[in-house]
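Engineer: start-v9.csv is reproduced below (CSV, C-alpha atoms and all ligand atoms).
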```csv
chain,number,residue,atom,x,y,z
A,19,MET,CA,33.6,93.0,-140.5
A,20,SER,CA,36.6,91.8,-138.5
A,21,GLU,CA,38.0,94.9,-136.9
A,22,GLN,CA,36.3,97.7,-134.9
A,23,THR,CA,36.0,95.4,-131.8
A,24,GLY,CA,32.3,96.0,-131.7
A,25,LYS,CA,32.5,99.7,-131.1
A,26,GLN,CA,30.6,102.1,-133.4
A,27,LEU,CA,32.4,104.3,-135.8
A,28,SER,CA,32.1,108.0,-135.0
A,29,LYS,CA,30.2,110.0,-137.6
A,30,GLU,CA,33.4,111.6,-138.8
A,31,GLU,CA,35.0,108.2,-139.3
A,32,LYS,CA,32.0,106.8,-141.0
A,33,ASP,CA,31.7,109.8,-143.3
A,34,ALA,CA,35.4,109.6,-144.2
A,35,ARG,CA,35.1,105.9,-145.0
A,36,PHE,CA,32.0,106.4,-147.0
A,37,GLU,CA,33.5,109.2,-149.1
A,38,ALA,CA,36.8,107.3,-149.6
A,39,GLU,CA,35.1,104.0,-150.7
A,40,LEU,CA,31.9,105.0,-152.4
A,41,LEU,CA,32.4,108.4,-153.9
A,42,PRO,CA,35.0,107.2,-156.5
A,43,VAL,CA,32.1,105.2,-158.1
A,44,LEU,CA,30.2,108.4,-158.7
A,45,ASP,CA,31.2,108.7,-162.4
A,46,PRO,CA,30.2,105.2,-163.5
A,47,LEU,CA,27.2,105.3,-161.3
A,48,TYR,CA,25.9,108.5,-162.8
A,49,ASN,CA,26.6,107.2,-166.3
A,50,PHE,CA,24.6,104.1,-165.5
A,51,ALA,CA,21.7,106.1,-164.1
A,52,TYR,CA,21.7,108.3,-167.2
A,53,ARG,CA,21.7,105.3,-169.6
A,54,LEU,CA,18.7,103.8,-167.6
A,55,THR,CA,16.6,107.0,-167.4
A,56,LEU,CA,17.9,108.8,-170.4
A,57,ASP,CA,17.4,112.1,-168.5
A,58,GLU,CA,20.0,114.1,-166.6
A,59,ASP,CA,17.7,115.3,-163.9
A,60,ASP,CA,16.3,111.8,-163.3
A,61,ALA,CA,19.9,110.4,-163.3
A,62,ASN,CA,20.8,113.0,-160.7
A,63,ASP,CA,17.9,112.1,-158.4
A,64,LEU,CA,18.5,108.4,-158.8
A,65,VAL,CA,22.2,108.7,-157.9
A,66,GLN,CA,21.4,110.9,-154.9
A,67,GLU,CA,18.8,108.4,-153.7
A,68,THR,CA,21.4,105.5,-154.2
A,69,TYR,CA,24.0,107.2,-152.1
A,70,LEU,CA,21.5,108.0,-149.4
A,71,LYS,CA,20.5,104.4,-149.2
A,72,ALA,CA,24.1,103.3,-149.3
A,73,TYR,CA,24.8,105.6,-146.4
A,74,ARG,CA,22.0,104.3,-144.4
A,75,PHE,CA,23.2,100.7,-144.9
A,76,PHE,CA,26.9,101.5,-144.8
A,77,ASP,CA,27.3,99.5,-141.6
A,78,TYR,CA,26.4,96.4,-143.5
A,79,PHE,CA,28.9,97.1,-146.3
A,80,GLU,CA,32.1,95.2,-145.8
A,81,GLN,CA,35.2,97.2,-146.3
A,82,GLY,CA,37.3,96.1,-149.3
A,83,THR,CA,34.4,94.3,-151.0
A,84,ASN,CA,33.1,95.3,-154.4
A,85,ALA,CA,31.8,98.8,-153.7
A,86,LYS,CA,31.0,99.4,-157.4
A,87,ALA,CA,28.9,96.3,-157.8
A,88,TRP,CA,27.1,97.1,-154.5
A,89,LEU,CA,26.2,100.6,-155.5
A,90,PHE,CA,25.1,99.5,-159.0
A,91,ARG,CA,22.8,96.9,-157.4
A,92,ILE,CA,21.3,99.5,-155.1
A,93,LEU,CA,20.8,101.9,-158.0
A,94,LYS,CA,19.2,99.3,-160.2
A,95,ASN,CA,16.8,98.3,-157.4
A,96,SER,CA,15.8,101.9,-156.8
A,97,PHE,CA,15.2,102.3,-160.5
A,98,ILE,CA,12.9,99.4,-160.6
A,99,ASN,CA,11.1,99.8,-157.3
A,100,GLU,CA,10.5,103.4,-157.0
A,101,PHE,CA,11.7,105.3,-160.0
A,102,ARG,CA,9.9,103.5,-162.7
A,103,LYS,CA,6.7,103.7,-160.7
A,104,LYS,CA,7.0,107.4,-160.3
A,105,SER,CA,7.5,108.2,-163.9
A,106,LYS,CA,4.5,107.6,-166.1
A,107,GLN,CA,6.4,105.9,-168.9
A,108,PRO,CA,8.6,102.9,-168.2
A,109,ALA,CA,11.6,104.8,-169.4
A,110,LYS,CA,11.8,107.9,-171.4
A,111,VAL,CA,13.3,107.7,-174.9
A,112,ASP,CA,14.9,110.7,-176.3
A,113,TYR,CA,13.4,110.6,-179.7
A,114,SER,CA,15.5,113.5,-180.9
A,115,GLU,CA,18.4,111.2,-180.5
A,116,VAL,CA,16.7,108.4,-182.2
A,117,GLU,CA,15.4,110.4,-185.1
A,118,GLY,CA,17.4,110.5,-188.2
A,119,TYR,CA,17.6,107.0,-189.3
A,120,TYR,CA,14.7,105.0,-187.9
A,121,ASN,CA,11.7,104.5,-190.0
A,122,SER,CA,8.3,105.4,-188.6
A,123,GLU,CA,7.4,101.7,-188.2
A,124,ASP,CA,10.4,101.1,-186.0
A,125,VAL,CA,9.6,103.7,-183.5
A,126,GLU,CA,5.9,103.5,-182.9
A,127,GLY,CA,4.2,106.8,-183.8
A,128,GLU,CA,7.3,108.8,-184.2
A,129,SER,CA,8.2,109.7,-187.7
A,130,GLY,CA,11.9,109.7,-188.4
A,131,VAL,CA,13.1,112.8,-190.1
A,132,ALA,CA,16.5,112.6,-191.6
A,133,THR,CA,18.6,115.3,-190.1
A,134,THR,CA,22.0,114.3,-191.4
A,135,THR,CA,23.2,117.7,-192.7
A,136,ASP,CA,24.8,119.0,-189.6
A,137,MET,CA,26.4,115.6,-188.9
A,138,ARG,CA,28.9,116.2,-191.6
A,139,THR,CA,30.7,118.7,-189.5
A,140,GLU,CA,31.1,116.4,-186.7
A,141,SER,CA,34.1,114.2,-186.5
A,142,VAL,CA,33.7,110.6,-187.5
A,143,GLN,CA,34.3,109.5,-183.9
A,144,ASP,CA,31.4,111.6,-182.7
A,145,LEU,CA,29.2,110.3,-185.4
A,146,ILE,CA,29.9,106.7,-184.5
A,147,GLY,CA,29.4,107.5,-180.8
A,148,ASP,CA,26.0,109.2,-181.5
A,149,GLU,CA,24.8,106.3,-183.6
A,150,VAL,CA,25.8,103.8,-181.0
A,151,ALA,CA,24.0,105.9,-178.4
A,152,SER,CA,20.8,106.1,-180.5
A,153,ALA,CA,20.8,102.4,-181.2
A,154,LEU,CA,21.4,101.6,-177.6
A,155,ASN,CA,18.8,104.0,-176.3
A,156,ALA,CA,16.2,102.4,-178.6
A,157,LEU,CA,16.6,99.0,-176.9
A,158,PRO,CA,14.4,97.9,-174.1
A,159,VAL,CA,15.8,98.9,-170.7
A,160,ASP,CA,16.8,95.3,-169.7
A,161,PHE,CA,18.8,94.9,-172.9
A,162,ARG,CA,20.4,98.3,-172.5
A,163,THR,CA,21.3,97.4,-168.9
A,164,VAL,CA,23.3,94.3,-169.7
A,165,ILE,CA,25.2,95.9,-172.5
A,166,ILE,CA,26.2,98.9,-170.3
A,167,LEU,CA,27.2,96.7,-167.4
A,168,CYS,CA,29.2,94.4,-169.6
A,169,ASP,CA,30.8,96.6,-172.3
A,170,LEU,CA,31.0,100.0,-170.7
A,171,GLU,CA,31.7,99.1,-167.1
A,172,GLY,CA,33.4,95.8,-167.6
A,173,PHE,CA,31.5,93.7,-165.0
A,174,THR,CA,31.9,90.0,-165.2
A,175,TYR,CA,28.9,87.8,-165.8
A,176,GLU,CA,29.0,86.8,-162.2
A,177,GLU,CA,28.9,90.4,-161.0
A,178,MET,CA,26.1,91.1,-163.4
A,179,ALA,CA,24.1,88.3,-162.0
A,180,LYS,CA,24.5,89.7,-158.5
A,181,ILE,CA,23.7,93.3,-159.6
A,182,LEU,CA,20.6,92.2,-161.5
A,183,ASP,CA,19.5,89.4,-159.1
A,184,ILE,CA,19.2,86.9,-161.9
A,185,PRO,CA,21.0,83.5,-162.6
A,186,ILE,CA,24.1,83.6,-164.7
A,187,GLY,CA,22.4,81.7,-167.4
A,188,THR,CA,19.9,84.5,-167.7
A,189,VAL,CA,22.7,87.0,-167.9
A,190,ARG,CA,24.1,85.0,-170.9
A,191,SER,CA,20.8,84.7,-172.7
A,192,ARG,CA,19.8,88.3,-172.1
A,193,LEU,CA,23.2,89.5,-173.3
A,194,HIS,CA,22.9,87.3,-176.4
A,195,ARG,CA,19.5,88.8,-177.3
A,196,ALA,CA,20.5,92.3,-176.4
A,197,ARG,CA,23.6,92.2,-178.7
A,198,ASN,CA,21.5,90.7,-181.5
A,199,SER,CA,19.1,93.6,-181.4
A,200,LEU,CA,21.8,96.2,-181.1
A,201,LYS,CA,23.5,94.6,-184.1
A,202,GLU,CA,20.3,94.8,-186.1
A,203,LYS,CA,19.8,98.4,-185.3
A,204,LEU,CA,23.4,99.3,-186.2
A,205,GLU,CA,23.2,97.4,-189.4
A,206,LYS,CA,20.1,99.2,-190.4
A,207,TYR,CA,21.9,102.5,-189.8
A,208,ALA,CA,24.9,101.4,-191.9
A,209,LYS,CA,22.6,100.4,-194.7
A,210,ASN,CA,20.7,103.7,-194.6
A,211,MET,CA,24.0,105.6,-194.8
A,212,GLY,CA,24.8,103.6,-197.9
A,213,TYR,CA,27.4,101.3,-196.4
A,214,ASN,CA,27.2,97.6,-197.0
A,215,SER,CA,28.1,95.3,-194.1
B,26,MET,CA,10.6,48.9,-193.3
B,27,GLU,CA,13.3,48.6,-190.7
B,28,ALA,CA,15.8,50.4,-193.0
B,29,LYS,CA,13.4,53.2,-193.3
B,30,PHE,CA,13.0,53.4,-189.6
B,31,THR,CA,16.7,53.5,-189.1
B,32,GLU,CA,17.1,56.2,-191.7
B,33,ALA,CA,14.4,58.4,-190.0
B,34,TYR,CA,16.0,57.8,-186.6
B,35,GLN,CA,19.4,58.9,-187.9
B,36,LYS,CA,17.9,62.0,-189.3
B,37,VAL,CA,16.5,62.9,-185.9
B,38,ALA,CA,19.8,62.2,-184.3
B,39,GLU,CA,21.6,64.4,-186.8
B,40,GLU,CA,19.2,67.3,-186.3
B,41,GLY,CA,19.6,67.1,-182.6
B,42,LYS,CA,23.4,67.2,-182.8
B,43,GLU,CA,25.1,70.5,-182.7
B,44,THR,CA,27.6,71.3,-185.4
B,45,ASP,CA,30.9,72.8,-184.5
B,46,CYS,CA,29.8,76.1,-186.1
B,47,GLU,CA,26.7,76.1,-183.9
B,48,LYS,CA,28.9,75.5,-180.8
B,49,VAL,CA,31.2,78.3,-181.8
B,50,ALA,CA,28.2,80.7,-182.4
B,51,LYS,CA,27.1,80.0,-178.8
B,52,LEU,CA,30.6,80.8,-177.5
B,53,LEU,CA,30.9,84.2,-179.3
B,54,ASN,CA,29.9,86.3,-176.3
B,55,SER,CA,31.9,84.3,-173.8
B,56,MET,CA,34.9,84.8,-176.0
B,57,VAL,CA,34.6,88.5,-176.5
B,58,ASP,CA,33.8,89.0,-172.9
B,59,ASP,CA,36.7,86.9,-171.7
B,60,GLU,CA,34.4,84.5,-169.9
B,61,ALA,CA,35.2,81.3,-171.8
B,62,SER,CA,37.0,78.4,-170.1
B,63,ALA,CA,40.4,77.3,-171.2
B,64,GLU,CA,38.8,74.3,-172.9
B,65,GLU,CA,36.2,76.4,-174.7
B,66,GLN,CA,38.9,78.8,-175.8
B,67,THR,CA,41.0,76.0,-177.3
B,68,PHE,CA,38.0,74.6,-179.2
B,69,PHE,CA,36.9,78.0,-180.4
B,70,ASN,CA,40.4,79.2,-181.6
B,71,SER,CA,41.1,76.0,-183.5
B,72,HIS,CA,37.7,76.1,-185.2
B,73,ILE,CA,38.0,79.7,-186.4
B,74,GLU,CA,41.4,78.9,-187.9
B,75,GLU,CA,39.7,76.6,-190.3
B,76,CYS,CA,36.3,78.1,-190.7
B,77,VAL,CA,36.1,81.5,-192.5
B,78,SER,CA,32.5,82.2,-191.6
B,79,CYS,CA,33.0,81.6,-187.9
B,80,PHE,CA,36.2,83.7,-188.1
B,81,GLU,CA,34.1,86.5,-189.6
B,82,SER,CA,31.4,86.2,-186.9
B,83,HIS,CA,34.0,86.5,-184.3
B,84,GLN,CA,35.5,89.7,-185.9
B,85,LYS,CA,32.0,91.2,-186.1
B,86,GLN,CA,31.3,90.4,-182.4
B,87,LYS,CA,34.5,92.0,-181.3
B,88,LEU,CA,33.6,95.0,-183.4
B,89,LEU,CA,30.2,95.3,-181.9
B,90,LYS,CA,31.6,95.2,-178.4
B,91,GLY,CA,34.2,97.7,-179.4
B,92,LEU,CA,31.6,100.1,-180.7
B,93,VAL,CA,30.0,100.4,-177.2
B,94,SER,CA,33.2,100.3,-175.1
B,95,GLY,CA,35.2,102.5,-177.4
B,96,HIS,CA,32.7,105.0,-178.8
B,97,LEU,CA,29.8,105.5,-176.5
B,98,LYS,CA,30.3,108.9,-174.9
B,99,ARG,CA,30.3,109.2,-171.2
B,100,VAL,CA,28.2,111.9,-169.7
B,101,ILE,CA,29.8,114.4,-167.4
B,102,VAL,CA,28.8,114.3,-163.8
B,103,PRO,CA,27.5,117.7,-162.7
B,104,GLU,CA,29.7,119.3,-160.1
B,105,SER,CA,26.7,120.0,-157.9
B,106,LEU,CA,25.9,116.3,-157.5
B,107,VAL,CA,28.8,115.4,-155.2
B,108,LEU,CA,28.0,118.5,-153.1
B,109,ALA,CA,24.3,117.5,-152.9
B,110,ILE,CA,25.2,114.0,-151.8
B,111,LYS,CA,27.6,115.3,-149.1
B,112,ALA,CA,25.0,117.8,-147.9
B,113,ARG,CA,22.3,115.2,-147.6
B,114,ILE,CA,24.3,112.8,-145.5
B,115,GLN,CA,25.1,115.5,-142.9
C,301,ZN,ZN,32.3,77.4,-188.3
```
Translate the structure of the given file into structure tokens.
Structural biologist:
Amino acid sequence: MSEQTGKQLSKEEKDARFEAELLPVLDPLYNFAYRLTLDEDDANDLVQETYLKAYRFFDYFEQGTNAKAWLFRILKNSFINEFRKKSKQPAKVDYSEVEGYYNSEDVEGESGVATTTDMRTESVQDLIGDEVASALNALPVDFRTVIILCDLEGFTYEEMAKILDIPIGTVRSRLHRARNSLKEKLEKYAKNMGYNS
Amino acid sequence: MEAKFTEAYQKVAEEGKETDCEKVAKLLNSMVDDEASAEEQTFFNSHIEECVSCFESHQKQKLLKGLVSGHLKRVIVPESLVLAIKARIQ
């Protein structure tokens, strides 16, 4: 921090800066939280917690630096440190979303009942989006995370390494494995729907 | 005896050597994510011009990325969330 000549910001100034710099990230941050927790209420709590932490540490945030990556990092740490501990399961999977094309052996203990009838009324775009979501949600959370960060939010490998606190080589290998399992799940879907890849 | 040894040695050396197709496979993600160096891009692009199966792998990888970036629906942020955040920092 170069400016400010050592004097503290007033609360009004701090709040204004906080809102101007960090609130624009709310949408991607909430989406990230939702994809991690797969629950809207949990995503809500996680995002609130993230902003509270960011506010507390806002003096350490350098203006003009990557606010988005900073917030994503705080959120991901909150998720790992507190959130996962609180909830009994590592991460909830919305099986109603997964059901429909997974065989019972793929999702342990859950029998997949084909419910494709109402899908016909949906547009093809929605259908594809739903399938991608189901396949993605069925991945382990670490795999889901790198795909969201890379493909949905467009972070670079270097930014991902900072957000996740892992070496860039690990980002590469995790992304490689994550995409392979996503591909596998989507190919299975395509096959079940009668398409050939 | 010596010839046999040489033959075996060459086999090991060949197995350890990466083919161009293997190199290209390792670059697929860097390419679709725009993370490959200029050198890697040149190597990659010239290879897929000649190799149909690597060309197809590249198309599939682009498709896979596009499925997530282009089709995954974003969830809508509840209006109450921004209010809750503002209230809690007061
Ligand atoms: Zn090839």
Engineer: Got a sec to check which residues lie within 9 Å of ligand ZN 301 (chain C), using only C-alpha atoms and all ligand atoms, and send them as a ChimeraX atom specification?
Structural biologist: /B:44-50,72-73,75-80,82
Engineer: Deliver the residues from the most recent selection as a file, using C-alpha atoms, as a PDB file, in the coordinates of the input.
Structural biologist:
```pdb
ATOM      1  CA  THR B  44      27.600  71.300-185.400  1.00  0.00           C
ATOM      2  CA  ASP B  45      30.900  72.800-184.500  1.00  0.00           C
ATOM      3  CA  CYS B  46      29.800  76.100-186.100  1.00  0.00           C
ATOM      4  CA  GLU B  47      26.700  76.100-183.900  1.00  0.00           C
ATOM      5  CA  LYS B  48      28.900  75.500-180.800  1.00  0.00           C
ATOM      6  CA  VAL B  49      31.200  78.300-181.800  1.00  0.00           C
ATOM      7  CA  ALA B  50      28.200  80.700-182.400  1.00  0.00           C
ATOM      8  CA  HIS B  72      37.700  76.100-185.200  1.00  0.00           C
ATOM      9  CA  ILE B  73      38.000  79.700-186.400  1.00  0.00           C
ATOM     10  CA  GLU B  75      39.700  76.600-190.300  1.00  0.00           C
ATOM     11  CA  CYS B  76      36.300  78.100-190.700  1.00  0.00           C
ATOM     12  CA  VAL B  77      36.100  81.500-192.500  1.00  0.00           C
ATOM     13  CA  SER B  78      32.500  82.200-191.600  1.00  0.00           C
ATOM     14  CA  CYS B  79      33.000  81.600-187.900  1.00  0.00           C
ATOM     15  CA  PHE B  80      36.200  83.700-188.100  1.00  0.00           C
ATOM     16  CA  SER B  82      31.400  86.200-186.900  1.00  0.00           C
TER      17      SER B  82
END
```
Engineer: Smallest atom-to-atom distance to chain A: which of B:Asn70, B:Ser94, B:Ser62, B:Ser105, using all atoms listed in the file?
Structural biologist: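 Among the listed residues, B:Ser94 lies closest to chain A.
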Engineer: For chain B against chain A, which residues fall within 12 Å using only C-alpha atoms, given as a ChimeraX atom specification?
Structural biologist: /B:50-61,81-82,85-115
Engineer: If you measure from atom CA of Val43 of chain A to atom CA of Glu30 of chain A, what distance in Å do you get, rounded to one decimal?
Structural biologist: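 Separation between atom CA of Val43 of chain A and atom CA of Glu30 of chain A: 20.4 Å.
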